[in-house]
Each structure stands twice: as C-alpha cells, then as structure tokens.
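Next comes entry-v4.cif, a file with mmCIF, C-alpha atoms and all ligand atoms.
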data_start
#
loop_
_atom_site.label_atom_id
_atom_site.label_comp_id
_atom_site.auth_asym_id
_atom_site.auth_seq_id
_atom_site.Cartn_x
_atom_site.Cartn_y
_atom_site.Cartn_z
CA MET A 1 -3.20 -9.17 28.10
CA MET A 2 -1.11 -6.30 26.69
CA ILE A 3 2.46 -5.11 26.65
CA ASP A 4 3.01 -2.85 29.69
CA SER A 5 3.91 0.77 28.96
CA ARG A 6 7.57 0.43 30.07
CA GLU A 7 8.24 -2.49 27.71
CA ALA A 8 6.09 -0.90 25.00
CA LYS A 9 8.31 2.18 25.21
CA ILE A 10 11.48 0.12 24.70
CA SER A 11 9.83 -1.64 21.74
CA ALA A 12 8.58 1.63 20.26
CA MET A 13 12.06 3.13 20.44
CA ARG A 14 13.45 0.04 18.71
CA VAL A 15 10.77 0.38 16.00
CA ILE A 16 11.82 3.98 15.32
CA LEU A 17 15.52 3.04 15.22
CA ARG A 18 14.76 0.19 12.80
CA CYS A 19 12.63 2.42 10.56
CA ASN A 20 15.67 4.70 10.37
CA GLU A 21 17.95 1.75 9.61
CA LEU A 22 15.65 0.47 6.86
CA SER A 23 15.33 3.96 5.39
CA LYS A 24 19.05 3.81 4.56
CA ILE A 25 18.41 0.83 2.24
CA THR A 26 17.48 2.85 -0.82
CA CYS A 27 18.52 2.99 -4.50
CA LYS A 28 18.76 6.78 -4.46
CA GLU A 29 21.43 9.10 -3.06
CA ILE A 30 18.63 11.20 -1.58
CA GLY A 31 15.27 9.96 -0.40
CA ILE A 32 13.94 6.48 0.19
CA THR A 33 13.12 4.38 -2.87
CA ARG A 34 13.04 0.60 -2.47
CA ILE A 35 11.41 -1.28 -5.34
CA TYR A 36 10.39 -4.86 -6.05
CA LEU A 37 13.16 -7.39 -6.88
CA SER A 38 15.89 -4.78 -6.49
CA LYS A 39 19.10 -5.34 -4.53
CA GLU A 40 17.59 -3.02 -1.89
CA HIS A 41 14.60 -5.38 -1.65
CA LEU A 42 16.98 -8.27 -0.97
CA LEU A 43 18.96 -6.28 1.63
CA ALA A 44 15.77 -5.23 3.41
CA ASN A 45 14.52 -8.83 3.44
CA LYS A 46 17.82 -9.98 4.98
CA LEU A 47 17.69 -7.32 7.70
CA VAL A 48 14.00 -7.83 8.53
CA GLY A 49 14.52 -11.60 8.40
CA LYS A 50 17.28 -11.23 11.01
CA TRP A 51 14.94 -9.22 13.27
CA MET A 52 12.23 -11.86 12.83
CA GLN A 53 14.69 -14.59 13.82
CA GLU A 54 15.83 -12.61 16.89
CA ALA A 55 12.17 -12.31 17.89
CA GLY A 56 11.90 -16.10 17.94
CA MET A 57 10.44 -16.80 14.52
CA LEU A 58 11.24 -19.36 11.86
CA VAL A 59 12.06 -17.25 8.77
CA TRP A 60 11.80 -17.85 5.02
CA GLN A 61 11.53 -15.86 1.82
CA ASP A 62 8.65 -17.07 -0.29
CA ALA A 63 8.37 -17.55 -4.06
CA VAL A 64 7.32 -13.95 -4.80
CA GLY A 65 9.90 -12.34 -2.54
CA ASN A 66 7.89 -11.80 0.68
CA ILE A 67 9.96 -12.18 3.86
CA CYS A 68 7.95 -14.39 6.24
CA GLY A 69 8.31 -15.31 9.90
CA ARG A 70 6.37 -17.89 11.93
CA TYR A 71 6.00 -18.00 15.72
CA ASP A 72 4.62 -21.45 16.39
CA SER A 73 1.61 -22.38 18.47
CA TYR A 74 1.88 -24.94 21.23
CA PHE A 75 0.05 -27.15 18.67
CA LYS A 76 2.18 -28.39 15.75
CA ASN A 77 1.05 -27.14 12.30
CA ALA A 78 -1.66 -24.96 13.80
CA PRO A 79 -3.29 -22.40 11.51
CA ALA A 80 -1.91 -18.88 11.91
CA ILE A 81 -3.10 -15.37 12.40
CA MET A 82 -1.16 -13.33 9.85
CA LEU A 83 0.20 -9.87 10.69
CA GLY A 84 2.27 -7.54 8.58
CA SER A 85 2.41 -4.92 5.87
CA HIS A 86 4.72 -4.02 2.98
CA LEU A 87 8.46 -3.23 2.86
CA ASP A 88 8.57 -1.69 -0.60
CA THR A 89 8.12 2.05 -1.11
CA VAL A 90 7.01 4.67 -3.59
CA LYS A 91 9.70 6.95 -5.06
CA ASN A 92 11.13 9.36 -2.51
CA ALA A 93 9.01 7.84 0.23
CA GLY A 94 8.64 8.33 3.93
CA LYS A 95 10.06 5.95 6.54
CA TYR A 96 6.81 4.49 7.92
CA ASP A 97 4.36 3.63 5.11
CA GLY A 98 4.13 -0.17 5.36
CA ILE A 99 7.38 -0.55 7.32
CA LEU A 100 5.80 0.42 10.64
CA GLY A 101 3.24 -2.39 10.29
CA VAL A 102 5.95 -5.02 9.81
CA LEU A 103 8.18 -3.81 12.65
CA THR A 104 5.36 -3.43 15.21
CA ALA A 105 4.21 -6.98 14.39
CA ILE A 106 7.77 -8.26 14.99
CA GLU A 107 7.79 -6.45 18.36
CA LEU A 108 4.59 -8.26 19.39
CA VAL A 109 6.16 -11.64 18.65
CA TYR A 110 9.38 -10.59 20.43
CA TRP A 111 7.29 -9.78 23.52
CA PHE A 112 5.22 -13.02 23.34
CA ASN A 113 8.43 -15.02 22.96
CA LYS A 114 10.18 -13.22 25.84
CA LYS A 115 7.15 -13.89 28.11
CA ASN A 116 6.97 -17.46 26.82
CA ILE A 117 3.39 -16.87 25.71
CA ARG A 118 2.11 -19.35 23.12
CA PHE A 119 -1.39 -19.61 21.66
CA GLN A 120 -3.51 -22.30 20.08
CA LEU A 121 -2.78 -20.46 16.85
CA ALA A 122 0.58 -19.69 15.30
CA ILE A 123 1.44 -16.07 14.50
CA GLU A 124 2.98 -15.25 11.14
CA VAL A 125 4.50 -11.90 10.22
CA ILE A 126 4.84 -11.01 6.53
CA GLY A 127 6.93 -8.24 5.04
CA PHE A 128 5.16 -7.98 1.68
CA SER A 129 7.48 -7.49 -1.27
CA ASP A 130 5.49 -5.11 -3.44
CA GLU A 131 2.35 -3.26 -2.40
CA GLU A 132 3.02 0.03 -4.20
CA GLY A 133 3.61 -1.27 -7.73
CA THR A 134 6.40 1.32 -8.16
CA ARG A 135 8.52 -0.81 -10.51
CA PHE A 136 6.04 -2.61 -12.78
CA GLY A 137 2.81 -0.67 -12.24
CA ILE A 138 0.99 -3.69 -10.78
CA THR A 139 0.35 -3.37 -7.06
CA LEU A 140 -0.22 -5.95 -4.26
CA LEU A 141 2.17 -8.44 -5.91
CA GLY A 142 3.37 -9.73 -2.51
CA SER A 143 -0.07 -10.26 -1.00
CA ARG A 144 -1.40 -11.65 -4.29
CA GLY A 145 1.41 -14.20 -4.09
CA ILE A 146 0.01 -15.33 -0.73
CA THR A 147 -3.55 -15.56 -2.08
CA GLY A 148 -2.45 -17.27 -5.30
CA THR A 149 -4.04 -14.60 -7.53
CA TRP A 150 -1.10 -13.70 -9.76
CA ASN A 151 -1.73 -13.23 -13.45
CA GLU A 152 0.86 -14.89 -15.73
CA LYS A 153 0.79 -11.89 -18.12
CA TRP A 154 2.37 -9.70 -15.43
CA LEU A 155 5.65 -11.55 -16.00
CA SER A 156 6.04 -9.83 -19.36
CA TYR A 157 5.52 -6.34 -17.89
CA THR A 158 8.69 -4.24 -18.09
CA ASP A 159 10.15 -1.58 -15.80
CA ASN A 160 11.50 1.79 -16.97
CA ASP A 161 14.74 0.09 -18.04
CA GLY A 162 12.89 -2.44 -20.20
CA ILE A 163 13.60 -5.33 -17.79
CA THR A 164 10.70 -7.81 -17.66
CA MET A 165 9.33 -9.01 -14.35
CA HIS A 166 10.36 -12.51 -15.42
CA GLN A 167 13.97 -11.38 -15.88
CA ALA A 168 13.93 -9.36 -12.65
CA MET A 169 12.68 -12.42 -10.75
CA SER A 170 15.50 -14.60 -12.03
CA ASP A 171 18.08 -11.85 -11.33
CA PHE A 172 16.67 -11.78 -7.78
CA GLY A 173 16.96 -15.57 -7.49
CA LEU A 174 13.27 -16.41 -7.89
CA LYS A 175 11.77 -18.77 -10.48
CA SER A 176 8.77 -17.36 -12.31
CA ASN A 177 7.41 -20.87 -12.83
CA LYS A 178 7.30 -21.37 -9.03
CA ILE A 179 5.13 -18.36 -8.16
CA ASN A 180 2.30 -20.60 -6.98
CA ASP A 181 4.51 -22.02 -4.24
CA ALA A 182 3.88 -18.75 -2.37
CA SER A 183 0.14 -19.22 -2.24
CA ARG A 184 -1.13 -20.38 1.14
CA ASN A 185 -3.73 -23.02 1.78
CA ILE A 186 -7.03 -21.48 2.94
CA LYS A 187 -6.93 -23.43 6.19
CA ASP A 188 -3.34 -22.27 7.02
CA ILE A 189 -4.50 -18.76 7.90
CA VAL A 190 -7.49 -17.65 9.99
CA ALA A 191 -7.26 -13.85 9.77
CA TYR A 192 -5.00 -10.96 8.78
CA ILE A 193 -4.35 -7.83 10.85
CA GLU A 194 -2.41 -4.84 9.51
CA LEU A 195 -1.28 -1.77 11.41
CA HIS A 196 -0.64 1.19 9.09
CA ILE A 197 -0.15 4.95 9.27
CA GLU A 198 -3.40 6.74 8.45
CA GLN A 199 -1.84 8.78 5.63
CA GLY A 200 -4.60 11.32 6.19
CA PRO A 201 -5.39 14.14 8.67
CA CYS A 202 -8.45 12.72 10.49
CA LEU A 203 -6.79 11.26 13.60
CA GLU A 204 -4.80 14.45 14.10
CA LYS A 205 -8.00 16.52 13.77
CA GLU A 206 -9.75 14.14 16.19
CA ASN A 207 -6.75 14.42 18.53
CA LEU A 208 -6.58 10.62 18.77
CA PRO A 209 -3.63 8.25 18.20
CA LEU A 210 -5.51 5.21 16.85
CA ALA A 211 -8.50 4.24 14.72
CA VAL A 212 -10.09 1.04 13.42
CA VAL A 213 -10.48 0.79 9.64
CA THR A 214 -14.01 0.00 8.42
CA THR A 215 -13.53 -0.18 4.65
CA ILE A 216 -10.77 0.38 2.10
CA ASN A 217 -11.82 2.51 -0.86
CA GLY A 218 -11.89 1.13 -4.38
CA THR A 219 -9.39 2.41 -6.96
CA ARG A 220 -9.45 2.77 -10.75
CA ARG A 221 -6.24 3.63 -12.66
CA PHE A 222 -5.96 4.65 -16.32
CA ASN A 223 -3.17 5.48 -18.76
CA CYS A 224 -4.49 8.32 -20.94
CA LYS A 225 -3.26 9.90 -24.18
CA PHE A 226 -4.07 13.11 -26.07
CA ILE A 227 -2.90 13.05 -29.71
CA GLY A 228 -2.64 16.46 -31.40
CA GLU A 229 0.02 17.64 -33.82
CA ALA A 230 3.59 18.68 -33.16
CA GLY A 231 4.56 21.96 -34.81
CA HIS A 232 6.95 24.88 -34.84
CA ALA A 233 6.48 27.00 -31.71
CA GLY A 234 7.31 30.14 -33.66
CA THR A 235 5.35 29.83 -36.86
CA VAL A 236 1.98 28.13 -36.18
CA PRO A 237 -0.70 30.75 -35.32
CA MET A 238 -2.64 29.87 -32.13
CA ARG A 239 -5.93 29.23 -34.03
CA TYR A 240 -4.31 26.46 -36.12
CA ARG A 241 -2.67 24.59 -33.28
CA ARG A 242 -3.55 21.12 -31.99
CA ASP A 243 -1.57 21.38 -28.80
CA ALA A 244 -1.90 18.09 -26.84
CA LEU A 245 -0.55 19.62 -23.62
CA VAL A 246 -3.12 22.42 -23.58
CA ALA A 247 -5.92 19.88 -24.13
CA CYS A 248 -4.61 17.76 -21.27
CA ALA A 249 -4.28 20.82 -19.06
CA GLU A 250 -7.91 21.76 -19.75
CA TRP A 251 -8.92 18.22 -18.77
CA ILE A 252 -6.88 18.28 -15.55
CA ILE A 253 -8.56 21.54 -14.48
CA PHE A 254 -11.96 19.92 -15.21
CA ILE A 255 -11.03 16.80 -13.22
CA GLU A 256 -10.05 18.81 -10.17
CA SER A 257 -13.04 21.19 -10.19
CA ASN A 258 -15.60 18.47 -11.00
CA THR A 259 -14.31 16.23 -8.20
CA ARG A 260 -14.25 19.07 -5.66
CA GLU A 261 -17.67 20.47 -6.57
CA ASN A 262 -19.71 17.36 -7.44
CA HIS A 263 -18.07 14.37 -5.73
CA PRO A 264 -17.03 15.21 -2.14
CA GLN A 265 -16.54 11.52 -1.26
CA LEU A 266 -14.18 10.88 -4.18
CA VAL A 267 -10.62 11.81 -4.99
CA SER A 268 -8.89 12.06 -8.36
CA THR A 269 -5.21 12.49 -9.15
CA VAL A 270 -3.17 13.01 -12.30
CA GLY A 271 0.14 11.94 -10.82
CA TYR A 272 2.13 11.47 -14.01
CA ILE A 273 2.35 13.45 -17.27
CA ASP A 274 4.72 13.02 -20.17
CA CYS A 275 4.85 15.49 -23.04
CA ASP A 276 6.23 14.53 -26.45
CA PRO A 277 8.63 15.72 -27.81
CA GLY A 278 9.02 17.85 -24.65
CA VAL A 279 11.28 20.58 -26.08
CA ILE A 280 10.86 24.31 -25.79
CA ASN A 281 10.33 25.18 -29.46
CA VAL A 282 7.91 22.40 -30.46
CA ILE A 283 4.15 22.42 -29.93
CA PRO A 284 3.41 19.21 -27.97
CA GLY A 285 2.05 16.58 -30.35
CA VAL A 286 1.31 13.79 -27.87
CA VAL A 287 0.74 13.83 -24.11
CA ASN A 288 0.45 10.75 -21.89
CA CYS A 289 -0.91 11.08 -18.37
CA SER A 290 -2.18 8.87 -15.55
CA LEU A 291 -5.56 9.08 -13.83
CA ASP A 292 -6.12 7.58 -10.37
CA ILE A 293 -9.64 7.84 -8.91
CA ARG A 294 -10.82 6.44 -5.58
CA GLY A 295 -14.02 6.19 -3.61
CA PRO A 296 -16.06 4.18 -1.10
CA GLN A 297 -18.58 2.70 -3.54
CA ASP A 298 -17.78 0.86 -6.76
CA ASP A 299 -20.89 2.08 -8.63
CA MET A 300 -20.11 5.71 -7.71
CA LEU A 301 -16.60 5.25 -9.11
CA GLU A 302 -18.01 3.69 -12.27
CA SER A 303 -20.17 6.71 -13.10
CA PHE A 304 -17.42 9.14 -12.05
CA ALA A 305 -14.94 7.45 -14.39
CA SER A 306 -17.31 7.78 -17.34
CA ILE A 307 -17.92 11.49 -16.58
CA LEU A 308 -14.19 12.23 -16.60
CA LEU A 309 -13.34 10.12 -19.64
CA SER A 310 -16.23 11.47 -21.75
CA GLU A 311 -15.15 15.01 -20.89
CA ALA A 312 -11.67 14.18 -22.18
CA LYS A 313 -13.19 12.90 -25.43
CA MET A 314 -15.25 16.13 -25.79
CA ILE A 315 -12.19 18.30 -25.21
CA ALA A 316 -10.26 16.30 -27.81
CA THR A 317 -13.08 16.53 -30.36
CA ARG A 318 -13.46 20.28 -29.80
CA ARG A 319 -9.74 20.69 -30.41
CA ASN A 320 -9.69 18.35 -33.40
CA MET A 321 -7.58 15.77 -31.56
CA ILE A 322 -7.76 12.13 -30.47
CA PHE A 323 -8.13 10.95 -26.89
CA ASN A 324 -7.66 7.36 -25.84
CA TYR A 325 -7.12 5.54 -22.58
CA LYS A 326 -6.46 2.12 -21.09
CA GLU A 327 -7.63 1.02 -17.65
CA TYR A 328 -4.80 -1.09 -16.21
CA TYR A 329 -5.65 -1.41 -12.54
CA ARG A 330 -8.76 -1.75 -10.41
CA THR A 331 -9.52 -2.67 -6.82
CA TYR A 332 -12.98 -2.92 -5.35
CA GLU A 333 -14.22 -1.47 -2.07
CA THR A 334 -12.96 -3.85 0.66
CA LEU A 335 -14.87 -4.39 3.90
CA CYS A 336 -12.91 -5.12 7.07
CA ASP A 337 -14.35 -8.02 9.08
CA ILE A 338 -16.96 -6.76 11.58
CA ALA A 339 -15.91 -9.13 14.41
CA LEU A 340 -12.27 -8.08 14.01
CA GLN A 341 -13.32 -4.42 13.96
CA LYS A 342 -15.14 -4.94 17.27
CA ILE A 343 -12.09 -6.51 18.94
CA LEU A 344 -9.74 -3.85 17.58
CA SER A 345 -12.20 -1.18 18.72
CA SER A 346 -12.28 -2.55 22.29
CA SER A 347 -8.45 -2.60 22.35
CA ILE A 348 -8.01 0.98 21.18
CA GLU A 349 -10.71 2.09 23.63
CA THR A 350 -8.69 0.49 26.44
CA VAL A 351 -5.55 2.45 25.55
CA GLN A 352 -6.99 5.78 24.40
CA GLY A 353 -10.28 6.05 26.24
CA ARG A 354 -12.56 5.92 23.22
CA SER A 355 -12.85 4.12 19.93
CA PHE A 356 -12.83 5.73 16.49
CA PHE A 357 -13.49 4.38 13.01
CA LEU A 358 -12.18 5.52 9.64
CA SER A 359 -12.38 4.31 6.05
CA SER A 360 -9.10 4.11 4.16
CA GLY A 361 -8.50 6.23 1.06
CA ALA A 362 -5.19 4.44 0.53
CA GLY A 363 -4.86 0.92 -0.81
CA HIS A 364 -3.29 -1.80 1.35
CA ASP A 365 -2.24 -5.45 1.16
CA ALA A 366 -5.40 -6.16 3.15
CA ILE A 367 -7.32 -5.62 -0.13
CA ALA A 368 -5.78 -8.76 -1.66
CA ILE A 369 -5.83 -10.80 1.56
CA ALA A 370 -9.52 -9.98 2.16
CA GLU A 371 -10.39 -11.99 -0.95
CA ARG A 372 -9.55 -15.16 1.04
CA TRP A 373 -9.48 -14.41 4.77
CA PRO A 374 -11.13 -11.93 7.19
CA VAL A 375 -9.01 -8.78 7.61
CA GLY A 376 -8.74 -6.08 10.25
CA MET A 377 -6.71 -2.87 10.16
CA LEU A 378 -5.50 -0.39 12.76
CA PHE A 379 -4.56 3.16 11.78
CA ILE A 380 -1.99 5.15 13.70
CA ARG A 381 -1.87 8.95 13.53
CA ASN A 382 0.90 10.42 11.42
CA TYR A 383 2.07 14.03 11.29
CA ARG A 384 -0.48 16.09 9.33
CA GLY A 385 -1.38 12.89 7.50
CA ILE A 386 1.60 13.52 5.22
CA SER A 387 2.67 10.36 3.37
CA HIS A 388 4.44 9.29 0.16
CA ASN A 389 6.73 12.12 1.20
CA PRO A 390 10.02 12.22 3.18
CA LYS A 391 8.22 14.39 5.77
CA GLU A 392 6.14 11.36 6.84
CA SER A 393 6.45 10.91 10.61
CA VAL A 394 4.84 9.30 13.67
CA ASN A 395 5.42 10.05 17.34
CA LEU A 396 6.82 7.70 19.97
CA GLU A 397 3.81 8.00 22.29
CA ASP A 398 1.45 6.86 19.54
CA ILE A 399 3.66 3.87 18.69
CA ILE A 400 3.68 2.89 22.39
CA LEU A 401 -0.13 2.96 22.50
CA SER A 402 -0.38 1.15 19.17
CA LEU A 403 1.79 -1.71 20.49
CA GLN A 404 -0.37 -1.99 23.59
CA ALA A 405 -3.62 -1.98 21.61
CA TYR A 406 -2.18 -4.36 18.98
CA SER A 407 -0.98 -6.89 21.62
CA ASP A 408 -4.31 -6.70 23.47
CA ALA A 409 -6.23 -7.27 20.22
CA ILE A 410 -4.09 -10.22 19.10
CA CYS A 411 -4.51 -11.93 22.49
CA LYS A 412 -8.30 -11.56 22.07
CA ILE A 413 -8.41 -12.51 18.39
CA VAL A 414 -6.42 -15.75 18.80
CA LYS A 415 -9.05 -16.89 21.32
CA LYS A 416 -11.84 -16.23 18.81
CA PHE A 417 -10.72 -18.84 16.28
O1 LIG B 501 -1.58 4.14 -3.58
C1 LIG B 501 -1.97 3.61 -2.55
O2 LIG B 501 -3.11 3.73 -2.15
C2 LIG B 501 -1.01 2.79 -1.72
O3 LIG B 501 -0.07 3.61 -1.12
N1 LIG B 501 -0.40 1.79 -2.52
MN MN B 502 1.88 3.77 0.07
MN MN B 503 1.15 1.46 2.51
#

Can you turn what I pasted into structure tokens?
Ligand code: HGY
Ligand code: MN
Ligand code: MN
Amino acid sequence: MMIDSREAKISAMRVILRCNELSKITCKEIGITRIYLSKEHLLANKLVGKWMQEAGMLVWQDAVGNICGRYDSYFKNAPAIMLGSHLDTVKNAGKYDGILGVLTAIELVYWFNKKNIRFQLAIEVIGFSDEEGTRFGITLLGSRGITGTWNEKWLSYTDNDGITMHQAMSDFGLKSNKINDASRNIKDIVAYIELHIEQGPCLEKENLPLAVVTTINGTRRFNCKFIGEAGHAGTVPMRYRRDALVACAEWIIFIESNTRENHPQLVSTVGYIDCDPGVINVIPGVVNCSLDIRGPQDDMLESFASILLSEAKMIATRRNMIFNYKEYYRTYETLCDIALQKILSSSIETVQGRSFFLSSGAGHDAIAIAERWPVGMLFIRNYRGISHNPKESVNLEDIILSLQAYSDAICKIVKKF
C-alpha cells in the first residue's frame, strides 16, 4: 500500500512549505543556524510538535530535547517502528539536511491517520535535537539520548560562549540528572528508518531520485596544534622563523594530495583553523586546526590516521616545532540491516523502475540507533549533492516519489515484525 501520486504531491508541497517555514527559525540574520538547546531549538520543537499533533500523534519532548510523536497501533503499548531524522543544523546550513526526514515521516503518519490505517506496531517520529554537534562538538546527542549512551563528562563541555551543556540544559528547561529518562527500552522499538538527502552527487549522476543506504562510513575527528614561535614580521629573517601557520599549511597540502593519490575511498577535511595571535605583523606562534577523516572500513581509517599524524610530527620536527593532537570523536562503520535494505529496495524499485544502493559518507542518527536496533536508510537526490550550504535543494518530483516509496516500505516493514 502506498500514498497515491495526487495525495503524495499535496504532501510533498506541504513538506517544501514547512522546510521553508523551519528555515526561518535561525539565530542568524542571514543563513540557517539552529543549534542544540537554543531558543531556536525550542521554537522548532514547538512547531514540529504542532505538525505531529495535527497528523494524529501523541507528542512529547524527551529528556534530551528530542521532539517525539507516537501514532498508536490498534494494540495498546505495542512496540514501535521509529522514523525520523534531526532538526538541528550546521552553521549557515541548507533547508533539508535532517529536516526533510522528519517532515516526510510526519506526512506518512498524516496519511495513515487520514485513511484510518493502523498497524500491529505503533509508529513513532523523532525530531532529533542534535545530530551535527555544532554547539558542543559532540554529535548524535539526540539519538544517543534514545539509546541511553550519553557520557556524563559531556555535561561539562562548553560552547563558544563558555556556557556548559549542563547550564544550557537547565536554561532550556531540561534537568541534566534526568538524561536517562530519554533512553528507550529495547523492546519498545523494533526498527529505525531514516530518509535523508544524499549530500553527494551519485544519484544525480545515476539520474535516479532514490537509493537505499548499505553502510554509513566511520569518522575520526582530531583537534590538532602546531607550536612554533611568534615573532616580528619585519625583523626575523626567513631562515630563523618557526612559523606555525606555514607548518600547518604544508601539512594541509600533504593531507589533500595523499588522500587524493593514495586513498581513493577516503576523505579528509581540515574544516577549522585558528591562528594565534592572528595579526598582520606577527609571525604565527600557534595554530590550531581540526582534522575530519572518513572511510568505509575502520582498519583503513586507523592506518590513514597514523600516516597523516606522523607526517605532521615530521613537519614539526623539521621546522623545529611541536605538534600535538587530541582525538575527540569517533564513529565506526555502521551496517544497515539487510532485511530492511531489501524491503526499501523493493519499494524504490516500484516507484522508480530500478533499485540502487549507496554507502553514506555523511554521519547520521542511524549510527547511534544501530547500536541497539536494526536501521534502514533511504537517500533522496539533492541538487549537485550540495549540502551544509544554503544552496542545498531537492525537487518536488523526487519528494513525491520518496513519500510513495517510504509509505510502501513502512507498510511492508510493519508486517515483518
Ligand atoms: O558531518 C556529518 O557527517 C553529518 O552532517 N553530521
Ligand atoms: Mn549534516
Ligand atoms: Mn544530516
């Protein structure tokens, strides 16, 4: 059973309108930035909670700030199939990363409710509160709340304004000693399905709207530091300098060329660099930068990380400097459940004529959820794969097909459990 194309079109148009409406809930005059435990987070939860209610769901905000909706089964207290994605964003984000997955899931429930369709399972829709980690640097906080895998020490992490997560939680109206109330009993949920923009160019190149995700790449993230010596930009001859920014620049060029030439399956990014003291007439004494590396196999990432970090040490030694680093984040390669992949594949084949599989270079809430329940993911094509960028966009036709495939898959999956 699937949503017919006429109703799917009405739903898809509503999804686009609501993505636009949510994009206006941002802490910046220009661009979309909505971070964990901010007033924008609360406003977005209220708006999405209203849409969940209108779709026929019972709505609550859980102890880590996820907005949750439940569409009951015809059996009381039945376990649920969980759908959703995240409502937080990176800085200066696009309108669809995460958001599309929450709003399409709400449309499914709206359609089931309107047709008076109930299943032997409940359906829950979650708008996760923090997948990106934009504010505190720790990602998947919302989905880790659901799986009960929070680490107490995160509460002392501070944002750029020096506010601790503990303080931010109480400002938001949450109690940091109640975090465990968010974690769900293993038997409450049977599976998790997430629809997400591909954030890459493959579907566009394949001229297809939808794909099934096979695996989600592992990620390693490091904070790195080159320590040289600050000095007068006018008086220190080049041969005597210990310029931390030049050392870091040499390393960044190595990272890019080594990844391109020797590791075609991997990606590496230096997304952040901070130069101290950062003024025109002082030779940079200290440079901090980030390193984000990703790949399909954990052991491959392990050896790649040591290649890059030992090169940094060699550059620093050669330039009579110090290099140090701290790994602060790691996710392992995540496999999507084979049975769920098969069902999702049959549904996308029904709507687009053939199936297609992709691995995900981006991280998703499904990484955390997969530690406790089987997960499945659907990718939808997005314009040139551009994401984490205001130019992010999806087309109406693809959203229509995604709603049809998603509804068909859910109707099949609920029968499987
Ligand atoms: O960075 C990522 O992979 C995701 O967007 N959080
Ligand atoms: Mn993202
Ligand atoms: Mn995302």

For this session: Name the residues, by chain letter and number, that sit within 9 Å of ligand MN 502 (chain B) using only C-alpha atoms and all ligand atoms, and give them as a VMD selection string.
Result: chain A and resid 86 88 to 90 93 97 to 98 131 to 132 199 362 to 364 387 to 388

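Note that CA of Gly200 (chain A) and CA of Gly376 (chain A) are 18.3 Å apart.
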
Problem set entry | Neighbour list for Asn395 (chain A) as a list in words, cut-off 10 Å, only C-alpha atoms, skip fewer than 6 positions in-chain | Ala12, Ile16, Pro209, Ile380, Arg381, Asn382 and Tyr383 of chain A

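The coordinates place CA of Tyr325 (chain A) at 8.3 Å from CA of Leu309 (chain A).
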
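Going from CA of Val394 (chain A) to CA of Arg14 (chain A) covers 13.6 Å.
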
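Distances here use only C-alpha atoms; by that measure, the residue among A:Tyr110, A:Trp150, A:Trp51, A:Phe172 closest to Ile3 (chain A) is A:Tyr110.
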
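If all atoms listed in the file are the atoms counted, then among A:Ser129, A:Ser183, A:Asn113, A:Ser407 the closest residue to Tyr36 (chain A) is A:Ser129.
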